[in-house]
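One file, work-v8.cif, is given below (mmCIF, C-alpha atoms and all ligand atoms).
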data_query
loop_
_atom_site.label_atom_id
_atom_site.label_comp_id
_atom_site.auth_asym_id
_atom_site.auth_seq_id
_atom_site.Cartn_x
_atom_site.Cartn_y
_atom_site.Cartn_z
CA MET A 1 17.79 -1.32 17.04
CA SER A 2 19.28 -3.07 20.08
CA LEU A 3 17.07 -5.97 21.16
CA PRO A 4 17.14 -8.50 23.96
CA LYS A 5 19.31 -11.39 22.75
CA ASP A 6 16.66 -14.12 22.66
CA ASN A 7 14.27 -11.89 20.63
CA LYS A 8 16.92 -10.82 18.16
CA ASP A 9 18.03 -14.37 17.50
CA SER A 10 14.65 -15.93 16.83
CA ILE A 11 12.70 -13.26 14.89
CA PRO A 12 13.79 -11.93 11.49
CA GLU A 13 13.79 -8.22 10.63
CA PRO A 14 10.16 -7.18 9.91
CA VAL A 15 9.25 -5.82 6.48
CA LYS A 16 7.62 -2.50 7.29
CA GLY A 17 4.23 -2.17 5.60
CA LEU A 18 4.74 -5.74 4.26
CA GLU A 19 6.31 -4.11 1.19
CA GLY A 20 7.06 -6.66 -1.50
CA ILE A 21 5.65 -9.58 0.53
CA VAL A 22 3.60 -12.02 -1.53
CA ALA A 23 0.87 -13.20 0.84
CA ALA A 24 -1.13 -15.62 -1.37
CA ASP A 25 -1.98 -16.70 -4.90
CA THR A 26 -4.93 -15.18 -6.69
CA SER A 27 -6.54 -15.72 -10.10
CA LEU A 28 -8.45 -12.44 -9.99
CA SER A 29 -6.13 -9.59 -10.88
CA SER A 30 -2.45 -8.79 -11.35
CA VAL A 31 -0.60 -5.50 -11.15
CA ASN A 32 2.70 -4.98 -12.98
CA GLY A 33 4.02 -1.90 -11.24
CA GLU A 34 7.14 -1.57 -13.40
CA LYS A 35 5.21 -1.40 -16.66
CA GLY A 36 1.94 0.06 -15.35
CA ILE A 37 -0.25 -2.86 -16.37
CA LEU A 38 -3.38 -4.04 -14.57
CA ARG A 39 -5.07 -7.23 -15.65
CA TYR A 40 -8.34 -8.78 -14.50
CA CYS A 41 -8.19 -12.57 -14.89
CA GLY A 42 -5.57 -12.13 -17.61
CA TYR A 43 -7.35 -9.37 -19.57
CA ASN A 44 -5.53 -6.04 -19.83
CA ILE A 45 -7.58 -3.24 -18.31
CA ASP A 46 -6.79 -1.17 -21.44
CA ASP A 47 -8.93 -3.62 -23.43
CA LEU A 48 -11.71 -3.76 -20.85
CA ALA A 49 -11.93 -0.05 -19.98
CA PHE A 50 -14.17 1.37 -22.70
CA ASN A 51 -15.43 -1.94 -24.10
CA THR A 52 -17.28 -3.57 -21.22
CA THR A 53 -19.79 -2.74 -18.49
CA PHE A 54 -19.40 -3.09 -14.74
CA GLU A 55 -21.72 -6.10 -14.81
CA GLU A 56 -19.39 -7.83 -17.30
CA ILE A 57 -16.48 -7.21 -14.94
CA VAL A 58 -18.44 -8.71 -12.05
CA CYS A 59 -19.03 -11.81 -14.22
CA LEU A 60 -15.32 -11.92 -15.01
CA LEU A 61 -14.30 -11.70 -11.34
CA TYR A 62 -16.88 -14.27 -10.22
CA ASP A 63 -16.46 -16.74 -13.11
CA THR A 64 -12.89 -15.84 -14.19
CA GLU A 65 -14.42 -15.76 -17.72
CA LEU A 66 -16.06 -12.96 -19.68
CA PRO A 67 -19.79 -13.62 -20.03
CA ASN A 68 -21.85 -14.47 -23.10
CA HIS A 69 -25.13 -12.56 -23.61
CA GLU A 70 -27.15 -14.97 -21.50
CA ARG A 71 -24.82 -14.89 -18.51
CA LEU A 72 -24.57 -11.09 -18.69
CA GLU A 73 -28.34 -10.70 -18.78
CA ASN A 74 -28.67 -12.98 -15.80
CA MET A 75 -25.97 -11.07 -13.90
CA THR A 76 -27.52 -7.67 -14.72
CA GLU A 77 -30.88 -8.93 -13.44
CA ARG A 78 -29.45 -10.34 -10.24
CA ILE A 79 -27.47 -7.20 -9.38
CA GLY A 80 -30.57 -5.15 -10.27
CA GLU A 81 -32.79 -7.17 -7.93
CA ALA A 82 -30.19 -6.83 -5.18
CA ARG A 83 -30.47 -3.04 -5.43
CA VAL A 84 -33.84 -3.36 -3.69
CA LEU A 85 -32.76 -3.12 -0.04
CA PRO A 86 -34.47 -4.79 2.95
CA LYS A 87 -36.88 -2.17 4.36
CA GLU A 88 -35.25 -2.28 7.81
CA ILE A 89 -31.98 -1.00 6.36
CA GLN A 90 -33.69 2.29 5.55
CA LYS A 91 -34.26 2.73 9.31
CA VAL A 92 -30.54 2.21 9.99
CA ILE A 93 -29.62 4.76 7.33
CA THR A 94 -32.26 7.25 8.51
CA GLU A 95 -30.81 7.02 12.01
CA LEU A 96 -27.23 7.70 10.87
CA ALA A 97 -27.31 9.69 7.62
CA GLY A 98 -26.04 13.21 8.15
CA LYS A 99 -24.85 12.44 11.68
CA THR A 100 -21.76 10.45 10.70
CA SER A 101 -19.65 10.42 7.54
CA PRO A 102 -21.17 8.50 4.62
CA MET A 103 -18.30 6.00 4.87
CA SER A 104 -19.08 5.31 8.55
CA THR A 105 -22.76 4.89 7.72
CA LEU A 106 -21.89 2.56 4.86
CA ARG A 107 -19.69 0.43 7.12
CA THR A 108 -22.59 0.06 9.58
CA VAL A 109 -25.03 -0.70 6.75
CA VAL A 110 -22.81 -3.49 5.39
CA SER A 111 -22.57 -4.95 8.87
CA ALA A 112 -26.36 -4.62 9.36
CA LEU A 113 -27.06 -6.30 6.02
CA GLY A 114 -25.42 -9.40 7.47
CA HIS A 115 -28.40 -9.79 9.82
CA TYR A 116 -30.66 -10.53 6.85
CA GLU A 117 -28.50 -13.37 5.51
CA ASN A 118 -28.32 -16.91 6.85
CA ASN A 119 -25.06 -18.77 7.00
CA VAL A 120 -24.80 -20.99 3.94
CA PRO A 121 -22.22 -23.47 2.70
CA LEU A 122 -19.53 -22.17 0.34
CA SER A 123 -21.26 -23.61 -2.73
CA GLU A 124 -24.28 -21.35 -2.03
CA LEU A 125 -22.30 -18.27 -1.09
CA PRO A 126 -21.79 -16.52 -4.49
CA PRO A 127 -25.42 -15.28 -4.80
CA LYS A 128 -25.23 -13.85 -1.29
CA ALA A 129 -21.91 -12.15 -2.08
CA LEU A 130 -23.38 -10.77 -5.28
CA ARG A 131 -26.27 -9.22 -3.38
CA LEU A 132 -23.79 -6.95 -1.63
CA VAL A 133 -22.68 -5.59 -5.02
CA GLY A 134 -26.22 -4.38 -5.69
CA GLN A 135 -27.06 -3.37 -2.14
CA ILE A 136 -24.06 -1.09 -1.57
CA ALA A 137 -25.06 1.10 -4.53
CA THR A 138 -28.57 1.69 -3.21
CA ALA A 139 -27.23 2.25 0.30
CA VAL A 140 -24.88 5.00 -0.96
CA ALA A 141 -27.70 6.72 -2.88
CA MET A 142 -30.01 6.42 0.15
CA ILE A 143 -27.41 7.81 2.57
CA HIS A 144 -27.18 10.93 0.41
CA ARG A 145 -30.92 11.39 -0.25
CA LEU A 146 -31.89 10.88 3.40
CA ARG A 147 -29.27 13.24 4.80
CA GLU A 148 -30.37 15.91 2.31
CA GLY A 149 -34.04 15.33 3.15
CA LEU A 150 -34.73 14.35 -0.48
CA PRO A 151 -37.38 11.79 -1.48
CA LEU A 152 -36.06 8.28 -2.10
CA LEU A 153 -36.25 6.72 -5.54
CA GLU A 154 -37.01 3.01 -5.82
CA ALA A 155 -34.35 0.90 -7.48
CA ASP A 156 -35.19 -0.13 -11.04
CA PRO A 157 -33.76 -3.64 -11.53
CA LYS A 158 -34.23 -3.38 -15.31
CA ARG A 159 -31.58 -0.68 -15.65
CA GLY A 160 -27.80 -1.04 -15.72
CA HIS A 161 -26.02 -0.57 -12.42
CA ALA A 162 -24.27 2.73 -13.23
CA GLU A 163 -27.40 4.26 -14.74
CA ASP A 164 -29.72 3.22 -11.91
CA PHE A 165 -27.31 4.40 -9.23
CA LEU A 166 -26.97 7.87 -10.81
CA ARG A 167 -30.75 8.11 -11.15
CA MET A 168 -31.31 7.09 -7.51
CA LEU A 169 -28.60 9.46 -6.28
CA LEU A 170 -29.29 12.57 -8.34
CA GLY A 171 -33.05 12.15 -8.77
CA LYS A 172 -32.95 12.69 -12.54
CA GLU A 173 -32.19 10.76 -15.69
CA PRO A 174 -28.42 10.70 -16.26
CA SER A 175 -26.96 11.48 -19.71
CA GLN A 176 -25.21 8.80 -21.76
CA THR A 177 -21.83 10.43 -21.02
CA GLN A 178 -22.56 10.36 -17.29
CA ILE A 179 -23.54 6.70 -17.42
CA GLN A 180 -20.43 5.86 -19.43
CA ALA A 181 -18.21 7.82 -17.03
CA LEU A 182 -19.54 6.07 -13.94
CA ASP A 183 -19.46 2.68 -15.62
CA LEU A 184 -15.82 3.27 -16.54
CA TYR A 185 -15.03 4.27 -12.98
CA LEU A 186 -16.72 1.14 -11.61
CA ILE A 187 -14.90 -1.07 -14.13
CA LEU A 188 -11.48 0.39 -13.36
CA LEU A 189 -11.69 0.20 -9.58
CA ALA A 190 -13.27 -3.23 -9.25
CA ASP A 191 -10.11 -5.08 -8.25
CA HIS A 192 -6.42 -4.39 -7.69
CA GLY A 193 -4.41 -7.30 -6.30
CA PHE A 194 -3.76 -7.34 -2.57
CA ASN A 195 -4.52 -3.69 -1.86
CA ALA A 196 -5.04 -2.88 1.82
CA SER A 197 -8.85 -3.25 1.94
CA THR A 198 -8.85 -6.49 -0.06
CA PHE A 199 -6.14 -7.84 2.18
CA SER A 200 -8.12 -6.96 5.27
CA ALA A 201 -11.21 -8.70 3.81
CA ARG A 202 -9.10 -11.80 3.21
CA VAL A 203 -7.58 -11.71 6.70
CA THR A 204 -11.09 -11.62 8.18
CA ALA A 205 -12.34 -14.36 5.85
CA GLY A 206 -9.23 -16.37 6.69
CA THR A 207 -10.51 -16.83 10.25
CA LEU A 208 -13.70 -18.27 8.67
CA ALA A 209 -15.64 -15.26 9.92
CA ASN A 210 -18.65 -14.64 7.69
CA LEU A 211 -18.83 -12.68 4.44
CA HIS A 212 -20.38 -9.54 5.94
CA SER A 213 -17.70 -9.37 8.63
CA ALA A 214 -15.03 -9.55 5.92
CA ILE A 215 -16.63 -6.81 3.80
CA THR A 216 -17.21 -4.63 6.88
CA SER A 217 -13.45 -4.88 7.58
CA ALA A 218 -12.75 -3.91 3.99
CA VAL A 219 -15.01 -0.84 4.09
CA GLY A 220 -13.31 0.35 7.27
CA THR A 221 -9.87 -0.14 5.73
CA LEU A 222 -10.80 1.63 2.51
CA SER A 223 -11.89 4.75 4.38
CA GLY A 224 -8.36 5.87 5.31
CA PRO A 225 -6.77 8.77 3.36
CA LEU A 226 -3.73 6.65 2.41
CA HIS A 227 -6.11 4.27 0.58
CA GLY A 228 -9.65 4.98 -0.69
CA GLY A 229 -10.02 8.22 1.23
CA ALA A 230 -7.42 9.87 -1.02
CA ASN A 231 -9.93 10.68 -3.80
CA GLU A 232 -11.94 12.96 -1.52
CA LYS A 233 -8.78 14.66 -0.22
CA ALA A 234 -7.50 15.13 -3.79
CA MET A 235 -10.72 16.91 -4.75
CA GLU A 236 -10.59 19.10 -1.64
CA MET A 237 -7.08 20.12 -2.71
CA ILE A 238 -8.20 20.88 -6.28
CA ILE A 239 -11.08 23.02 -4.97
CA LYS A 240 -8.81 24.78 -2.49
CA VAL A 241 -6.26 25.63 -5.21
CA GLY A 242 -9.19 26.92 -7.28
CA LYS A 243 -7.23 28.38 -10.23
CA PRO A 244 -4.45 26.82 -12.34
CA GLY A 245 -2.20 29.81 -11.62
CA LYS A 246 -2.27 29.03 -7.89
CA ALA A 247 -1.10 25.42 -8.20
CA SER A 248 2.63 26.19 -8.24
CA ASP A 249 2.63 28.05 -4.90
CA TYR A 250 0.35 25.47 -3.31
CA ILE A 251 2.53 22.53 -4.31
CA GLU A 252 5.75 24.38 -3.44
CA ASN A 253 4.38 25.06 0.02
CA ALA A 254 3.10 21.48 0.47
CA PHE A 255 6.52 20.04 -0.44
CA ALA A 256 8.25 22.53 1.86
CA LYS A 257 6.05 21.27 4.70
CA LYS A 258 6.73 17.67 3.64
CA GLN A 259 3.02 17.05 3.15
CA LYS A 260 1.81 14.11 1.10
CA ILE A 261 -0.01 15.22 -2.04
CA MET A 262 -3.17 13.16 -2.26
CA GLY A 263 -3.59 11.15 -5.44
CA PHE A 264 0.16 10.70 -5.91
CA GLY A 265 2.55 7.90 -4.98
CA HIS A 266 1.92 4.18 -4.85
CA ARG A 267 3.40 1.14 -3.17
CA VAL A 268 3.45 -0.98 -6.35
CA TYR A 269 3.46 1.34 -9.40
CA LYS A 270 6.81 2.73 -10.51
CA VAL A 271 5.18 4.42 -13.52
CA ASP A 272 1.75 6.09 -13.66
CA ASP A 273 -1.14 3.95 -12.45
CA ALA A 274 -2.64 1.75 -15.20
CA ARG A 275 -6.09 3.26 -14.60
CA LYS A 276 -5.02 6.89 -14.78
CA PRO A 277 -5.08 7.48 -18.58
CA HIS A 278 -8.62 6.12 -18.85
CA LEU A 279 -9.92 8.14 -15.91
CA LYS A 280 -8.21 11.25 -17.25
CA LYS A 281 -9.64 10.77 -20.75
CA MET A 282 -13.16 10.33 -19.37
CA ALA A 283 -12.82 13.25 -16.95
CA THR A 284 -11.73 15.49 -19.85
CA GLN A 285 -14.80 14.51 -21.83
CA LEU A 286 -17.12 15.14 -18.87
CA TRP A 287 -15.65 18.57 -18.13
CA LYS A 288 -15.69 19.57 -21.80
CA GLU A 289 -19.45 19.09 -21.71
CA ARG A 290 -19.69 21.58 -18.86
CA ASN A 291 -19.22 25.27 -19.54
CA ASP A 292 -16.38 25.74 -17.10
CA MET A 293 -13.21 23.60 -17.27
CA THR A 294 -11.42 25.50 -14.48
CA LEU A 295 -11.22 22.78 -11.83
CA TYR A 296 -10.18 20.19 -14.38
CA GLU A 297 -7.39 22.50 -15.51
CA VAL A 298 -6.36 22.97 -11.88
CA ALA A 299 -5.99 19.17 -11.59
CA GLU A 300 -3.77 19.05 -14.69
CA GLU A 301 -1.66 21.91 -13.40
CA ILE A 302 -1.24 20.26 -9.98
CA GLU A 303 0.00 17.12 -11.74
CA ARG A 304 2.52 19.19 -13.74
CA GLN A 305 3.71 21.02 -10.64
CA VAL A 306 4.12 17.83 -8.57
CA LYS A 307 6.02 16.05 -11.32
CA SER A 308 8.32 19.01 -12.00
CA ARG A 309 9.49 18.75 -8.38
CA LYS A 310 9.58 15.02 -7.67
CA PRO A 311 9.50 11.85 -9.80
CA ILE A 312 6.30 10.65 -8.23
CA ILE A 313 3.54 8.71 -9.99
CA THR A 314 -0.10 9.74 -10.35
CA ASN A 315 -2.36 7.12 -8.78
CA VAL A 316 -5.96 6.11 -9.40
CA ASP A 317 -7.39 8.61 -6.95
CA PHE A 318 -6.13 11.77 -8.58
CA TYR A 319 -8.20 11.76 -11.78
CA SER A 320 -11.02 9.85 -10.07
CA ALA A 321 -11.59 13.10 -8.22
CA PRO A 322 -12.45 15.39 -11.18
CA LEU A 323 -14.30 12.51 -12.83
CA LEU A 324 -16.63 12.03 -9.85
CA TYR A 325 -16.96 15.76 -9.22
CA GLY A 326 -17.82 16.21 -12.89
CA LEU A 327 -20.67 13.75 -12.28
CA GLU A 328 -22.05 16.13 -9.59
CA ILE A 329 -21.15 13.66 -6.85
CA PRO A 330 -20.46 15.32 -3.48
CA THR A 331 -16.85 14.83 -2.38
CA ASP A 332 -17.72 12.90 0.80
CA LEU A 333 -19.40 10.25 -1.39
CA PHE A 334 -16.22 9.63 -3.42
CA THR A 335 -14.90 6.92 -1.10
CA PRO A 336 -18.32 5.21 -0.78
CA LEU A 337 -18.33 5.12 -4.61
CA PHE A 338 -14.92 3.47 -4.52
CA ALA A 339 -16.50 0.86 -2.21
CA MET A 340 -19.43 0.47 -4.61
CA SER A 341 -16.96 -0.68 -7.26
CA ARG A 342 -14.41 -2.53 -5.12
CA VAL A 343 -17.09 -4.65 -3.46
CA ALA A 344 -16.96 -6.74 -6.66
CA GLY A 345 -13.29 -7.51 -6.02
CA TRP A 346 -13.67 -7.85 -2.25
CA THR A 347 -16.45 -10.42 -2.50
CA ALA A 348 -14.63 -12.36 -5.25
CA HIS A 349 -11.49 -12.42 -3.08
CA VAL A 350 -13.43 -13.60 -0.03
CA LEU A 351 -14.87 -16.46 -2.10
CA GLU A 352 -11.36 -17.27 -3.33
CA GLN A 353 -10.05 -17.21 0.24
CA TYR A 354 -12.78 -19.53 1.54
CA GLY A 355 -12.14 -21.86 -1.41
CA ASN A 356 -8.51 -22.44 -0.42
CA ASN A 357 -8.27 -21.18 3.12
CA ARG A 358 -5.44 -21.03 5.57
CA LEU A 359 -5.52 -18.68 8.57
CA ILE A 360 -3.54 -15.52 7.76
CA ARG A 361 -1.43 -14.97 10.82
CA PRO A 362 1.97 -13.26 10.51
CA ARG A 363 4.26 -12.60 13.46
CA ALA A 364 5.46 -9.43 15.11
CA ARG A 365 8.91 -8.75 16.44
CA TYR A 366 8.69 -7.79 20.10
CA VAL A 367 10.97 -4.83 20.77
CA GLY A 368 10.10 -4.03 24.39
CA PRO A 369 12.03 -5.02 27.49
CA ILE A 370 11.98 -8.65 28.72
CA ASP A 371 12.63 -10.49 31.98
CA ARG A 372 11.20 -7.64 34.03
CA THR A 373 10.79 -8.16 37.75
CA PHE A 374 7.14 -8.40 38.75
CA ARG A 375 6.00 -6.25 41.66
CA PRO A 376 2.52 -6.62 43.25
CA ILE A 377 0.23 -3.62 42.78
CA GLU A 378 0.80 -2.36 46.34
CA GLN A 379 4.49 -1.90 45.54
CA ARG A 380 4.09 -0.02 42.23
C1 LIG B 401 0.17 5.51 -1.48
C2 LIG B 401 1.19 5.67 -0.37
C3 LIG B 401 0.50 5.47 0.96
C4 LIG B 401 2.28 4.64 -0.55
O1 LIG B 401 3.07 4.68 0.56
P1 LIG B 401 4.49 3.96 0.67
O2 LIG B 401 4.64 2.90 -0.32
O3 LIG B 401 4.62 3.60 2.10
O4 LIG B 401 5.50 5.09 0.26
P2 LIG B 401 6.13 6.19 1.21
O5 LIG B 401 5.05 6.92 1.92
O6 LIG B 401 7.18 5.53 2.05
O7 LIG B 401 6.80 7.14 0.14
C5 LIG B 401 8.06 6.90 -0.49
C6 LIG B 401 8.66 8.26 -0.83
O8 LIG B 401 7.83 8.96 -1.75
C7 LIG B 401 7.30 10.14 -1.14
N1 LIG B 401 5.88 10.22 -1.42
C8 LIG B 401 5.05 9.16 -1.59
N2 LIG B 401 3.81 9.59 -1.82
C9 LIG B 401 3.87 10.93 -1.81
C10 LIG B 401 2.91 11.92 -2.00
N3 LIG B 401 1.65 11.61 -2.25
N4 LIG B 401 3.29 13.21 -1.92
C11 LIG B 401 4.57 13.54 -1.68
N5 LIG B 401 5.55 12.62 -1.50
C12 LIG B 401 5.19 11.33 -1.57
C13 LIG B 401 7.52 9.95 0.36
O9 LIG B 401 7.59 11.18 1.05
C14 LIG B 401 8.81 9.19 0.36
O10 LIG B 401 9.85 10.09 0.06
P3 LIG B 401 11.28 9.96 0.77
O11 LIG B 401 11.79 8.62 0.34
O12 LIG B 401 12.02 11.11 0.22
O13 LIG B 401 11.00 10.04 2.24
C15 LIG B 401 1.81 7.08 -0.44
O14 LIG B 401 2.36 7.29 -1.72
C16 LIG B 401 0.84 8.17 -0.09
O15 LIG B 401 0.65 8.46 1.09
N6 LIG B 401 0.14 8.79 -1.12
C17 LIG B 401 -0.86 9.79 -0.86
C18 LIG B 401 -2.18 9.11 -0.53
C19 LIG B 401 -2.81 8.48 -1.74
O16 LIG B 401 -2.90 9.07 -2.80
N7 LIG B 401 -3.28 7.25 -1.54
C20 LIG B 401 -3.95 6.50 -2.56
C21 LIG B 401 -3.11 5.34 -2.99
S1 LIG B 401 -3.84 4.52 -4.38
#
Now that the file is in, can you turn its structure into structure tokens?
Amino acid sequence: MSLPKDNKDSIPEPVKGLEGIVAADTSLSSVNGEKGILRYCGYNIDDLAFNTTFEEIVCLLYDTELPNHERLENMTERIGEARVLPKEIQKVITELAGKTSPMSTLRTVVSALGHYENNVPLSELPPKALRLVGQIATAVAMIHRLREGLPLLEADPKRGHAEDFLRMLLGKEPSQTQIQALDLYLILLADHGFNASTFSARVTAGTLANLHSAITSAVGTLSGPLHGGANEKAMEMIIKVGKPGKASDYIENAFAKKQKIMGFGHRVYKVDDARKPHLKKMATQLWKERNDMTLYEVAEEIERQVKSRKPIITNVDFYSAPLLYGLEIPTDLFTPLFAMSRVAGWTAHVLEQYGNNRLIRPRARYVGPIDRTFRPIEQR
């Protein structure tokens, strides 16, 4: 690109999409994209996946240590209590549910929740951050129940997070497999380095804006189909394909039109996403317990068809889709469920940012014309 001389000399070539740029240190999670390894605070996700609960992962991200029984009990209680939302929030949800997408409603709810919190010094911030972890779950369940005109179920702080959420959402007691599946999902999506929504939370926190502003930024960023919105789009594709035998034509056509296949590709992973095998294993189990495996088989066939045409990795969102659908969760709640998990990582990152803050402020390379002659409005 030909640039005015003084611009070209002083500003280096930008890195589009900030690919490969290391923006800060973190002690929360690390992603090895070459080997397909995700670690939370040094623990391999393969060890955590089927052996912990979401509440244990929240402890890990907040304390950078796995909890003992006492700490876990305390954490479970605190998240449980936080699932009881301020009454006024129900009015906000009633006003919006069904009129906007659940993700838009959730973004507004997170922002509104900020009105019920006072500004506190950093040392007192973790309990406030933790409240958001509980509150978002109830908000998602409420958004769904209110838009469907279904009666609301009170949160039960004594229950585990995954179990209580499913009960509040579906209005019935979930099975052990369902609880395990959702818990696994929440564990696996809780944090993932400097993904786009976490980065946007940290940019907002970096200005010393408050916690709820940072998490509102994150929810907005997550909603896009290139990030958290991909799970919903992946499921829509699976439903549209409908039968395994139709996957080949669908994928052939999508590639011919140079369309992105949702749930595939990643900026960091060069091999399949570290979370994929666990999500796939759990989704298989869920669908086996249903009488009809068709849509699950469609997903597998889409993966085969994509990979036979292009060496492209399967990301977290692809098998999240049949897992969540297998839990009877409506597709437009998939991304809010992603938020329900990732809020653990977002809030931990915001606390980390505040603890060692410097304004995050990169530069842009100006590529427009310079030294233009000004003409008063009458002469334009
Ligand atoms: C995740 C994603 C945004 C990463 O983007 P990125 O790092 O900027 O990578 P690019 O979009 O530049 O893709 C690099 C190449 O792979 C191809 N590619 C990447 N993802 C693809 C997909 N899902 N389907 C088809 N081709 C894909 C691109 O077309 C490009 O090919 P080219 O070099 O021949 O032009 C991208 O892979 C994508 O859009 N995936 C679908 C959405 C999704 O699943 N998002 C959830 C991410 S966890």
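Nearest residue to Gln135 (chain A), choosing from A:Ser341, A:Thr335, A:Ser101, A:Thr64 and counting all atoms listed in the file: A:Ser341.
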For this session: Find the residue from A:Leu85, A:Ala137, A:Leu106, A:Ala190 that sits nearest to Thr347 (chain A); use only C-alpha atoms when measuring.
Result: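 So, comparing all the options, the nearest one is A:Ala190.
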Let me have the centre and edge lengths of the axis-aligned box enclosing all listed atoms of ligand LIG 401 (chain B) with 4 Å padding on every side, in Å to one decimal, as AutoDock Vina command-line options.
--center_x 4.0 --center_y 8.2 --center_z -1.1 --size_x 24.0 --size_y 18.6 --size_z 14.6
How close does chain A get to ligand LIG 401 (chain B)? List, as JSON lines, each residue of chain A within 8 Å, its nearest atom pair and the distance in Å to one decimal, counting all atoms listed in the file.
{"residue": "A:Gly17", "atom": "CA", "partner": "B:LIG401", "partner_atom": "O3", "distance": 6.8}
{"residue": "A:Glu19", "atom": "CA", "partner": "B:LIG401", "partner_atom": "O2", "distance": 7.4}
{"residue": "A:Pro225", "atom": "CA", "partner": "B:LIG401", "partner_atom": "C18", "distance": 6.0}
{"residue": "A:Leu226", "atom": "CA", "partner": "B:LIG401", "partner_atom": "N7", "distance": 4.0}
{"residue": "A:His227", "atom": "CA", "partner": "B:LIG401", "partner_atom": "C20", "distance": 4.4}
{"residue": "A:Gly228", "atom": "CA", "partner": "B:LIG401", "partner_atom": "C20", "distance": 6.2}
{"residue": "A:Gly229", "atom": "CA", "partner": "B:LIG401", "partner_atom": "N7", "distance": 7.4}
{"residue": "A:Ala230", "atom": "CA", "partner": "B:LIG401", "partner_atom": "C19", "distance": 4.9}
{"residue": "A:Asn231", "atom": "CA", "partner": "B:LIG401", "partner_atom": "O16", "distance": 7.3}
{"residue": "A:Ala234", "atom": "CA", "partner": "B:LIG401", "partner_atom": "O16", "distance": 7.7}
{"residue": "A:Phe255", "atom": "CA", "partner": "B:LIG401", "partner_atom": "C11", "distance": 6.9}
{"residue": "A:Lys258", "atom": "CA", "partner": "B:LIG401", "partner_atom": "O9", "distance": 7.0}
{"residue": "A:Gln259", "atom": "CA", "partner": "B:LIG401", "partner_atom": "C11", "distance": 6.2}
{"residue": "A:Lys260", "atom": "CA", "partner": "B:LIG401", "partner_atom": "N4", "distance": 3.5}
{"residue": "A:Ile261", "atom": "CA", "partner": "B:LIG401", "partner_atom": "N4", "distance": 3.9}
{"residue": "A:Met262", "atom": "CA", "partner": "B:LIG401", "partner_atom": "O16", "distance": 4.1}
{"residue": "A:Gly263", "atom": "CA", "partner": "B:LIG401", "partner_atom": "O16", "distance": 3.4}
{"residue": "A:Phe264", "atom": "CA", "partner": "B:LIG401", "partner_atom": "N3", "distance": 4.1}
{"residue": "A:Gly265", "atom": "CA", "partner": "B:LIG401", "partner_atom": "O14", "distance": 3.3}
{"residue": "A:His266", "atom": "CA", "partner": "B:LIG401", "partner_atom": "C1", "distance": 4.0}
{"residue": "A:Arg267", "atom": "CA", "partner": "B:LIG401", "partner_atom": "O2", "distance": 3.6}
{"residue": "A:Val268", "atom": "CA", "partner": "B:LIG401", "partner_atom": "O2", "distance": 7.3}
{"residue": "A:Lys310", "atom": "CA", "partner": "B:LIG401", "partner_atom": "N5", "distance": 7.8}
{"residue": "A:Ile312", "atom": "CA", "partner": "B:LIG401", "partner_atom": "C12", "distance": 6.8}
{"residue": "A:Asn315", "atom": "CA", "partner": "B:LIG401", "partner_atom": "S1", "distance": 5.3}
{"residue": "A:Val316", "atom": "CA", "partner": "B:LIG401", "partner_atom": "S1", "distance": 5.7}
{"residue": "A:Asp317", "atom": "CA", "partner": "B:LIG401", "partner_atom": "C20", "distance": 6.0}
{"residue": "A:Phe318", "atom": "CA", "partner": "B:LIG401", "partner_atom": "O16", "distance": 7.2}
Problem set entry | Neighbour list for Leu327 (chain A) as a ChimeraX atom specification, cut-off 12 Å, only C-alpha atoms, skip fewer than 2 positions in-chain | /A:162-163,165-167,169-170,174-183,185,282-287,289-290,320-325,329-331,333-334,337
Exercise. If we count only C-alpha atoms, what is near region 305-309 of chain A at a cut-off of 10 Å, once residues fewer than 2 positions away on the same chain are taken out, given as a PyMOL selection string?
Worked result: chain A and resi 247-252+254-255+261+264+299-303+311-314
Problem set entry | Between CA of Val343 (chain A) and CA of Lys270 (chain A), distance in Å (one decimal) |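 Between CA of Val343 (chain A) and CA of Lys270 (chain A) the gap works out to 26.0 Å.
Picture a line from CA of Gly42 (chain A) to CA of Ala348 (chain A); it runs 15.3 Å.
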For this session: Please provide the set of residues having any atom within 12 Å of Leu150 (chain A), restricted to all atoms listed in the file, with same-chain residues fewer than 5 positions apart removed, written as number ranges by chain.
Result: A: 94, 97, 141-145, 168-171
Problem set entry | Spatial neighbours of Lys16 (chain A), max dist 12 Å, all atoms listed in the file, sep filter under 5 positions, as a ChimeraX atom specification | /A:21,267,364-365
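A straight line drawn from CA of Arg159 (chain A) to CA of Tyr40 (chain A) is 24.6 Å long.
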Problem set entry | Residue among A:Arg361, A:Arg342, A:Arg372, A:His69 lying closest to Asp191 (chain A), counting only C-alpha atoms |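 So, comparing all the options, the nearest one is A:Arg342.
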Problem set entry | For Ala205 (chain A): contacts at 10 Å, all atoms listed in the file, fewer than 6 positions along chain excluded, given as a list in words |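 Close residues of Ala205 (chain A): Phe199, Leu211, His212, Ser213, Ala214, Ile215, Ser217, His349, Val350, Leu351, Glu352, Gln353, Tyr354, Asn357, Arg358, Leu359 and Ile360 of chain A.
Closest approach to Val241 (chain A) among A:Leu125, A:Val140, A:Leu113, A:Leu295 is made by A:Leu295 (distances from only C-alpha atoms).
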For this session: Name the closest residue to Glu56 (chain A) among the candidates A:Ser10, A:Ala82, A:Glu88, A:Leu186; distances are taken between atoms, counting all atoms listed in the file.
Result: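 Ranked by minimum distance to Glu56 (chain A), first place goes to A:Leu186.
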